[in-house]
$ cat protein.cif   # mmCIF, C-alpha atoms
data_input
#
loop_
_atom_site.label_atom_id
_atom_site.label_comp_id
_atom_site.auth_asym_id
_atom_site.auth_seq_id
_atom_site.Cartn_x
_atom_site.Cartn_y
_atom_site.Cartn_z
CA MET A 1 -30.89 29.55 -5.73
CA TRP A 2 -28.71 30.03 -8.81
CA LYS A 3 -25.87 31.42 -6.70
CA LEU A 4 -25.86 28.34 -4.48
CA GLN A 5 -25.85 26.05 -7.53
CA MET A 6 -22.97 27.99 -9.07
CA ILE A 7 -20.94 27.81 -5.84
CA GLY A 8 -21.64 24.06 -5.58
CA ALA A 9 -20.63 23.51 -9.21
CA ALA A 10 -17.43 25.49 -8.70
CA ILE A 11 -16.52 23.48 -5.60
CA LEU A 12 -17.21 20.20 -7.40
CA LEU A 13 -15.12 21.21 -10.40
CA LEU A 14 -12.24 22.30 -8.18
CA GLY A 15 -12.46 18.97 -6.35
CA MET A 16 -12.38 17.07 -9.64
CA LEU A 17 -9.38 19.07 -10.81
CA TYR A 18 -7.61 18.37 -7.54
CA ILE A 19 -8.22 14.62 -7.92
CA VAL A 20 -6.88 14.73 -11.49
CA ARG A 21 -3.83 16.64 -10.23
CA LEU A 22 -3.19 13.96 -7.59
CA VAL A 23 -3.36 11.26 -10.25
CA ARG A 24 -0.99 13.16 -12.55
CA LYS A 25 1.53 13.63 -9.74
CA ARG A 26 1.19 9.91 -8.91
CA LYS A 27 0.03 10.61 -5.38
CA MET A 28 -3.20 8.71 -6.05
CA GLU A 29 -3.74 5.71 -8.28
CA LEU A 30 -6.31 6.02 -11.03
CA LYS A 31 -8.29 3.03 -9.79
CA TYR A 32 -8.87 4.85 -6.48
CA ALA A 33 -9.59 8.19 -8.14
CA LEU A 34 -12.23 6.93 -10.57
CA PRO A 35 -14.98 6.39 -7.95
CA TRP A 36 -14.42 9.88 -6.58
CA LEU A 37 -14.52 11.38 -10.05
CA ALA A 38 -17.71 9.47 -10.83
CA VAL A 39 -19.40 10.69 -7.65
CA SER A 40 -18.24 14.24 -8.30
CA PHE A 41 -19.60 14.07 -11.84
CA ALA A 42 -22.94 12.68 -10.60
CA ALA A 43 -23.13 15.41 -7.96
CA LEU A 44 -22.39 18.01 -10.64
CA ILE A 45 -25.26 16.67 -12.77
CA VAL A 46 -27.63 16.75 -9.78
CA ASP A 47 -26.41 20.27 -9.01
CA CYS A 48 -27.14 21.41 -12.56
CA PHE A 49 -30.47 19.56 -12.78
CA PRO A 50 -31.97 19.42 -9.26
CA LYS A 51 -35.25 17.90 -10.53
CA LEU A 52 -33.36 14.63 -11.16
CA LEU A 53 -33.16 14.08 -7.42
CA SER A 54 -36.95 14.42 -7.16
CA VAL A 55 -37.40 11.90 -9.97
CA LEU A 56 -35.00 9.50 -8.23
CA ALA A 57 -36.89 9.88 -4.96
CA ASP A 58 -40.20 9.16 -6.73
CA LEU A 59 -38.75 6.07 -8.44
CA LEU A 60 -37.46 4.70 -5.16
CA GLY A 61 -40.63 5.57 -3.27
CA ILE A 62 -38.87 7.96 -0.92
CA ALA A 63 -40.86 10.86 0.50
CA THR A 64 -38.31 13.65 0.04
CA PRO A 65 -35.41 14.14 -2.38
CA VAL A 66 -33.03 14.86 0.50
CA ASN A 67 -33.64 11.40 1.93
CA ALA A 68 -32.88 9.89 -1.48
CA LEU A 69 -29.63 11.82 -1.52
CA TYR A 70 -28.72 10.48 1.94
CA LEU A 71 -29.53 6.94 0.82
CA VAL A 72 -27.33 7.21 -2.26
CA ALA A 73 -24.50 8.75 -0.23
CA PHE A 74 -24.78 6.01 2.41
CA LEU A 75 -24.72 3.24 -0.20
CA PHE A 76 -21.70 4.79 -1.89
CA SER A 77 -19.90 5.00 1.47
CA VAL A 78 -20.62 1.36 2.28
CA CYS A 79 -19.39 0.22 -1.15
CA LEU A 80 -16.25 2.30 -0.84
CA LEU A 81 -15.52 0.97 2.66
CA PHE A 82 -15.96 -2.59 1.47
CA ALA A 83 -13.62 -2.06 -1.49
CA LEU A 84 -10.98 -0.46 0.73
CA THR A 85 -11.28 -3.31 3.24
CA VAL A 86 -10.58 -5.82 0.47
CA ILE A 87 -7.57 -3.78 -0.68
CA VAL A 88 -6.16 -3.52 2.86
CA SER A 89 -6.57 -7.28 3.35
CA ARG A 90 -4.68 -8.04 0.13
CA GLN A 91 -1.90 -5.63 1.02
CA SER A 92 -1.61 -7.08 4.51
CA GLU A 93 -1.10 -10.55 3.04
CA ARG A 94 1.48 -9.22 0.56
CA ILE A 95 3.38 -7.43 3.33
CA LYS A 96 3.47 -10.62 5.39
CA GLN A 97 4.86 -12.58 2.44
CA LEU A 98 7.49 -9.90 1.76
CA VAL A 99 8.63 -9.85 5.38
CA GLN A 100 8.96 -13.64 5.41
CA SER A 101 10.88 -13.59 2.14
CA ALA A 102 13.21 -10.87 3.43
CA ALA A 103 13.88 -12.85 6.62
CA LEU A 104 14.71 -15.99 4.64
CA SER A 105 17.01 -14.02 2.33
CA GLU A 106 18.78 -12.44 5.30
CA GLU A 107 19.32 -15.86 6.85
CA ARG A 108 20.74 -17.19 3.55
CA VAL A 109 23.12 -14.23 3.30
CA LYS A 110 24.38 -14.81 6.85
CA ARG A 111 24.96 -18.49 6.13
CA LEU A 112 26.81 -17.72 2.90
CA GLU A 113 28.94 -15.07 4.61
CA ALA A 114 29.92 -17.56 7.32
CA GLU A 115 30.69 -20.18 4.69
CA LEU A 116 32.81 -17.76 2.66
CA MET A 117 34.63 -16.61 5.78
CA GLY A 118 35.49 -20.21 6.59
CA LYS A 119 36.77 -20.87 3.07
CA ALA A 120 38.82 -17.66 3.09
CA CYS A 121 40.43 -18.62 6.37
CA ASP A 122 41.20 -22.10 5.09
CA MET A 123 42.86 -20.64 2.02
CA GLU A 124 44.85 -18.19 4.12
CA LYS A 125 46.00 -20.99 6.43
CA GLU A 126 47.21 -23.01 3.49
CA MET A 127 49.13 -20.11 2.01
CA GLN A 128 50.67 -18.49 5.09
CA GLY A 129 50.51 -20.96 7.88
CA LYS A 130 48.28 -21.29 10.90
CA GLU A 131 49.94 -18.57 13.02
CA THR A 132 49.46 -15.87 10.38
CA ALA A 133 45.84 -16.84 9.84
CA GLU A 134 45.12 -16.60 13.56
CA SER A 135 46.79 -13.22 13.77
CA ALA A 136 44.75 -12.01 10.79
CA GLY A 137 41.59 -12.66 12.71
CA CYS A 138 40.33 -15.69 10.79
CA MET A 139 39.93 -17.77 13.92
CA ARG A 140 37.99 -14.98 15.61
CA ASP A 141 35.74 -14.59 12.55
CA MET A 142 35.23 -18.35 12.34
CA GLN A 143 34.28 -18.41 16.02
CA ALA A 144 31.73 -15.61 15.43
CA ALA A 145 30.28 -17.54 12.48
CA ASP A 146 30.05 -20.68 14.65
CA ASP A 147 28.28 -18.67 17.37
CA THR A 148 25.78 -17.35 14.81
CA GLU A 149 25.15 -20.87 13.55
CA GLY A 150 24.69 -22.13 17.13
CA MET A 151 22.17 -19.37 17.88
CA LYS A 152 20.25 -20.29 14.72
CA ASN A 153 20.14 -23.94 15.76
CA GLU A 154 18.87 -22.99 19.22
CA ARG A 155 15.97 -21.01 17.68
CA THR A 156 14.88 -23.90 15.48
#
$ encode --input "protein.cif" --output "structure tokens"
Amino acid sequence: MWKLQMIGAAILLLGMLYIVRLVRKRKMELKYALPWLAVSFAALIVDCFPKLLSVLADLLGIATPVNALYLVAFLFSVCLLFALTVIVSRQSERIKQLVQSAALSEERVKRLEAELMGKACDMEKEMQGKETAESAGCMRDMQAADDTEGMKNERT
């Protein structure tokens, strides 16, 4: 029996060290690691003092300590799943907002580029004359900007 407890304790300690290592390397956030560390610590205490599980089973009115262990594990799993569902929902909403913001910013950039292209062509026309501006590609660029604006108006 002692050998099994020692192996269990060693596995739990290695697991706890691995979780701490993940947090230190910033591969896992501390707020997600804390529940796992707490469960590992509780399991380590139960491993060191197995009579605690019998006391817990008696307090809860459960026939065998193993069933009490299954109940505690099930409740922990349900709580963890609920917490992760809330986190995923929040992140989904944040991602949606970021995508919308990026799309609006991209549209603003395209509009400003078209506006700047038009102003640059106007300035070039004034300085060099219409023929030079056309040969420099300003008219072609202005036409492309107008096409982009027309496509935007068709979508809306």
$ resolve_selection --input "protein.cif" --expression "the PyMOL selection byres ((chain A and resi 47) around 9)" --output "MDAnalysis selection string"
chainID A and resid 5:6 8:9 42:46 48:50
$ closest_residue --input "protein.cif" --among "A:Val39, A:Leu104, A:Leu17, A:Met28" --to "Ala73 of chain A" --atoms "all atoms listed in the file"
A:Val39
$ axis_aligned_box --input "protein.cif" --around "segment 71-77 of chain A" --padding-each-side "5 Å" --output "AutoDock Vina command-line options"
--center_x -24.7 --center_y 6.0 --center_z 0.1 --size_x 19.6 --size_y 15.5 --size_z 14.7
$ atom_distance --input "protein.cif" --atom1 "atom CA of Glu29 of chain A" --atom2 "atom CA of Tyr70 of chain A"
27.4 Å
$ closest_residue --input "protein.cif" --among "A:Pro65, A:Gly118, A:Pro35, A:Gly15" --to "Leu52 of chain A" --atoms "only C-alpha atoms"
A:Pro65
$ atom_distance --input "protein.cif" --atom1 "atom CA of Lys31 of chain A" --atom2 "atom CA of Tyr18 of chain A"
15.5 Å
$ atom_distance --input "protein.cif" --atom1 "atom CA of Leu37 of chain A" --atom2 "atom CA of Val20 of chain A"
8.5 Å
$ build_atoms --input "protein.cif" --residues "segment 93-118 of chain A" --atoms "N, CA, C and O atoms" --output "PDB file, in the frame of the given file"
ATOM      1  N   GLU A  93      -1.627  -9.234   3.405  1.00  0.00           N
ATOM      2  CA  GLU A  93      -1.100 -10.550   3.040  1.00  0.00           C
ATOM      3  C   GLU A  93       0.207 -10.402   2.255  1.00  0.00           C
ATOM      4  O   GLU A  93       1.173 -11.123   2.491  1.00  0.00           O
ATOM      5  N   ARG A  94       0.256  -9.447   1.342  1.00  0.00           N
ATOM      6  CA  ARG A  94       1.480  -9.220   0.560  1.00  0.00           C
ATOM      7  C   ARG A  94       2.625  -8.767   1.449  1.00  0.00           C
ATOM      8  O   ARG A  94       3.774  -9.191   1.271  1.00  0.00           O
ATOM      9  N   ILE A  95       2.334  -7.910   2.406  1.00  0.00           N
ATOM     10  CA  ILE A  95       3.380  -7.430   3.330  1.00  0.00           C
ATOM     11  C   ILE A  95       3.917  -8.592   4.150  1.00  0.00           C
ATOM     12  O   ILE A  95       5.136  -8.721   4.345  1.00  0.00           O
ATOM     13  N   LYS A  96       3.030  -9.455   4.615  1.00  0.00           N
ATOM     14  CA  LYS A  96       3.470 -10.620   5.390  1.00  0.00           C
ATOM     15  C   LYS A  96       4.384 -11.503   4.565  1.00  0.00           C
ATOM     16  O   LYS A  96       5.433 -11.947   5.041  1.00  0.00           O
ATOM     17  N   GLN A  97       4.030 -11.752   3.317  1.00  0.00           N
ATOM     18  CA  GLN A  97       4.860 -12.580   2.440  1.00  0.00           C
ATOM     19  C   GLN A  97       6.216 -11.918   2.184  1.00  0.00           C
ATOM     20  O   GLN A  97       7.249 -12.593   2.179  1.00  0.00           O
ATOM     21  N   LEU A  98       6.225 -10.606   1.995  1.00  0.00           N
ATOM     22  CA  LEU A  98       7.490  -9.900   1.760  1.00  0.00           C
ATOM     23  C   LEU A  98       8.403  -9.944   2.978  1.00  0.00           C
ATOM     24  O   LEU A  98       9.618 -10.119   2.849  1.00  0.00           O
ATOM     25  N   VAL A  99       7.832  -9.806   4.160  1.00  0.00           N
ATOM     26  CA  VAL A  99       8.630  -9.850   5.380  1.00  0.00           C
ATOM     27  C   VAL A  99       9.231 -11.241   5.556  1.00  0.00           C
ATOM     28  O   VAL A  99      10.414 -11.389   5.896  1.00  0.00           O
ATOM     29  N   GLN A 100       8.441 -12.276   5.300  1.00  0.00           N
ATOM     30  CA  GLN A 100       8.960 -13.640   5.410  1.00  0.00           C
ATOM     31  C   GLN A 100      10.061 -13.888   4.395  1.00  0.00           C
ATOM     32  O   GLN A 100      11.092 -14.485   4.712  1.00  0.00           O
ATOM     33  N   SER A 101       9.869 -13.421   3.186  1.00  0.00           N
ATOM     34  CA  SER A 101      10.880 -13.590   2.140  1.00  0.00           C
ATOM     35  C   SER A 101      12.166 -12.845   2.504  1.00  0.00           C
ATOM     36  O   SER A 101      13.268 -13.365   2.311  1.00  0.00           O
ATOM     37  N   ALA A 102      12.034 -11.650   3.030  1.00  0.00           N
ATOM     38  CA  ALA A 102      13.210 -10.870   3.430  1.00  0.00           C
ATOM     39  C   ALA A 102      13.964 -11.577   4.570  1.00  0.00           C
ATOM     40  O   ALA A 102      15.204 -11.611   4.576  1.00  0.00           O
ATOM     41  N   ALA A 103      13.240 -12.144   5.511  1.00  0.00           N
ATOM     42  CA  ALA A 103      13.880 -12.850   6.620  1.00  0.00           C
ATOM     43  C   ALA A 103      14.631 -14.084   6.118  1.00  0.00           C
ATOM     44  O   ALA A 103      15.756 -14.358   6.555  1.00  0.00           O
ATOM     45  N   LEU A 104      14.028 -14.821   5.194  1.00  0.00           N
ATOM     46  CA  LEU A 104      14.710 -15.990   4.640  1.00  0.00           C
ATOM     47  C   LEU A 104      15.953 -15.579   3.852  1.00  0.00           C
ATOM     48  O   LEU A 104      17.000 -16.227   3.950  1.00  0.00           O
ATOM     49  N   SER A 105      15.858 -14.504   3.090  1.00  0.00           N
ATOM     50  CA  SER A 105      17.010 -14.020   2.330  1.00  0.00           C
ATOM     51  C   SER A 105      18.130 -13.569   3.264  1.00  0.00           C
ATOM     52  O   SER A 105      19.308 -13.853   3.015  1.00  0.00           O
ATOM     53  N   GLU A 106      17.774 -12.891   4.327  1.00  0.00           N
ATOM     54  CA  GLU A 106      18.780 -12.440   5.300  1.00  0.00           C
ATOM     55  C   GLU A 106      19.481 -13.630   5.936  1.00  0.00           C
ATOM     56  O   GLU A 106      20.707 -13.617   6.109  1.00  0.00           O
ATOM     57  N   GLU A 107      18.734 -14.657   6.251  1.00  0.00           N
ATOM     58  CA  GLU A 107      19.320 -15.860   6.850  1.00  0.00           C
ATOM     59  C   GLU A 107      20.272 -16.531   5.859  1.00  0.00           C
ATOM     60  O   GLU A 107      21.367 -16.961   6.227  1.00  0.00           O
ATOM     61  N   ARG A 108      19.878 -16.610   4.583  1.00  0.00           N
ATOM     62  CA  ARG A 108      20.740 -17.190   3.550  1.00  0.00           C
ATOM     63  C   ARG A 108      22.038 -16.393   3.407  1.00  0.00           C
ATOM     64  O   ARG A 108      23.121 -16.971   3.282  1.00  0.00           O
ATOM     65  N   VAL A 109      21.936 -15.077   3.426  1.00  0.00           N
ATOM     66  CA  VAL A 109      23.120 -14.230   3.300  1.00  0.00           C
ATOM     67  C   VAL A 109      24.063 -14.472   4.470  1.00  0.00           C
ATOM     68  O   VAL A 109      25.292 -14.596   4.289  1.00  0.00           O
ATOM     69  N   LYS A 110      23.524 -14.567   5.680  1.00  0.00           N
ATOM     70  CA  LYS A 110      24.380 -14.810   6.850  1.00  0.00           C
ATOM     71  C   LYS A 110      25.092 -16.150   6.747  1.00  0.00           C
ATOM     72  O   LYS A 110      26.276 -16.261   7.059  1.00  0.00           O
ATOM     73  N   ARG A 111      24.359 -17.175   6.293  1.00  0.00           N
ATOM     74  CA  ARG A 111      24.960 -18.490   6.130  1.00  0.00           C
ATOM     75  C   ARG A 111      26.062 -18.467   5.075  1.00  0.00           C
ATOM     76  O   ARG A 111      27.138 -19.028   5.268  1.00  0.00           O
ATOM     77  N   LEU A 112      25.802 -17.803   3.964  1.00  0.00           N
ATOM     78  CA  LEU A 112      26.810 -17.720   2.900  1.00  0.00           C
ATOM     79  C   LEU A 112      28.029 -16.925   3.341  1.00  0.00           C
ATOM     80  O   LEU A 112      29.165 -17.275   3.001  1.00  0.00           O
ATOM     81  N   GLU A 113      27.816 -15.849   4.099  1.00  0.00           N
ATOM     82  CA  GLU A 113      28.940 -15.070   4.610  1.00  0.00           C
ATOM     83  C   GLU A 113      29.813 -15.918   5.529  1.00  0.00           C
ATOM     84  O   GLU A 113      31.043 -15.883   5.455  1.00  0.00           O
ATOM     85  N   ALA A 114      29.170 -16.691   6.402  1.00  0.00           N
ATOM     86  CA  ALA A 114      29.920 -17.560   7.320  1.00  0.00           C
ATOM     87  C   ALA A 114      30.681 -18.616   6.537  1.00  0.00           C
ATOM     88  O   ALA A 114      31.851 -18.911   6.828  1.00  0.00           O
ATOM     89  N   GLU A 115      30.042 -19.167   5.516  1.00  0.00           N
ATOM     90  CA  GLU A 115      30.690 -20.180   4.690  1.00  0.00           C
ATOM     91  C   GLU A 115      31.884 -19.592   3.944  1.00  0.00           C
ATOM     92  O   GLU A 115      32.960 -20.197   3.887  1.00  0.00           O
ATOM     93  N   LEU A 116      31.704 -18.407   3.371  1.00  0.00           N
ATOM     94  CA  LEU A 116      32.810 -17.760   2.660  1.00  0.00           C
ATOM     95  C   LEU A 116      33.947 -17.397   3.606  1.00  0.00           C
ATOM     96  O   LEU A 116      35.127 -17.502   3.245  1.00  0.00           O
ATOM     97  N   MET A 117      33.606 -16.967   4.804  1.00  0.00           N
ATOM     98  CA  MET A 117      34.630 -16.610   5.780  1.00  0.00           C
ATOM     99  C   MET A 117      35.452 -17.844   6.135  1.00  0.00           C
ATOM    100  O   MET A 117      36.682 -17.782   6.223  1.00  0.00           O
ATOM    101  N   GLY A 118      34.779 -18.965   6.284  1.00  0.00           N
ATOM    102  CA  GLY A 118      35.490 -20.210   6.590  1.00  0.00           C
ATOM    103  C   GLY A 118      36.409 -20.615   5.451  1.00  0.00           C
ATOM    104  O   GLY A 118      37.552 -21.021   5.669  1.00  0.00           O
TER     105      GLY A 118
END
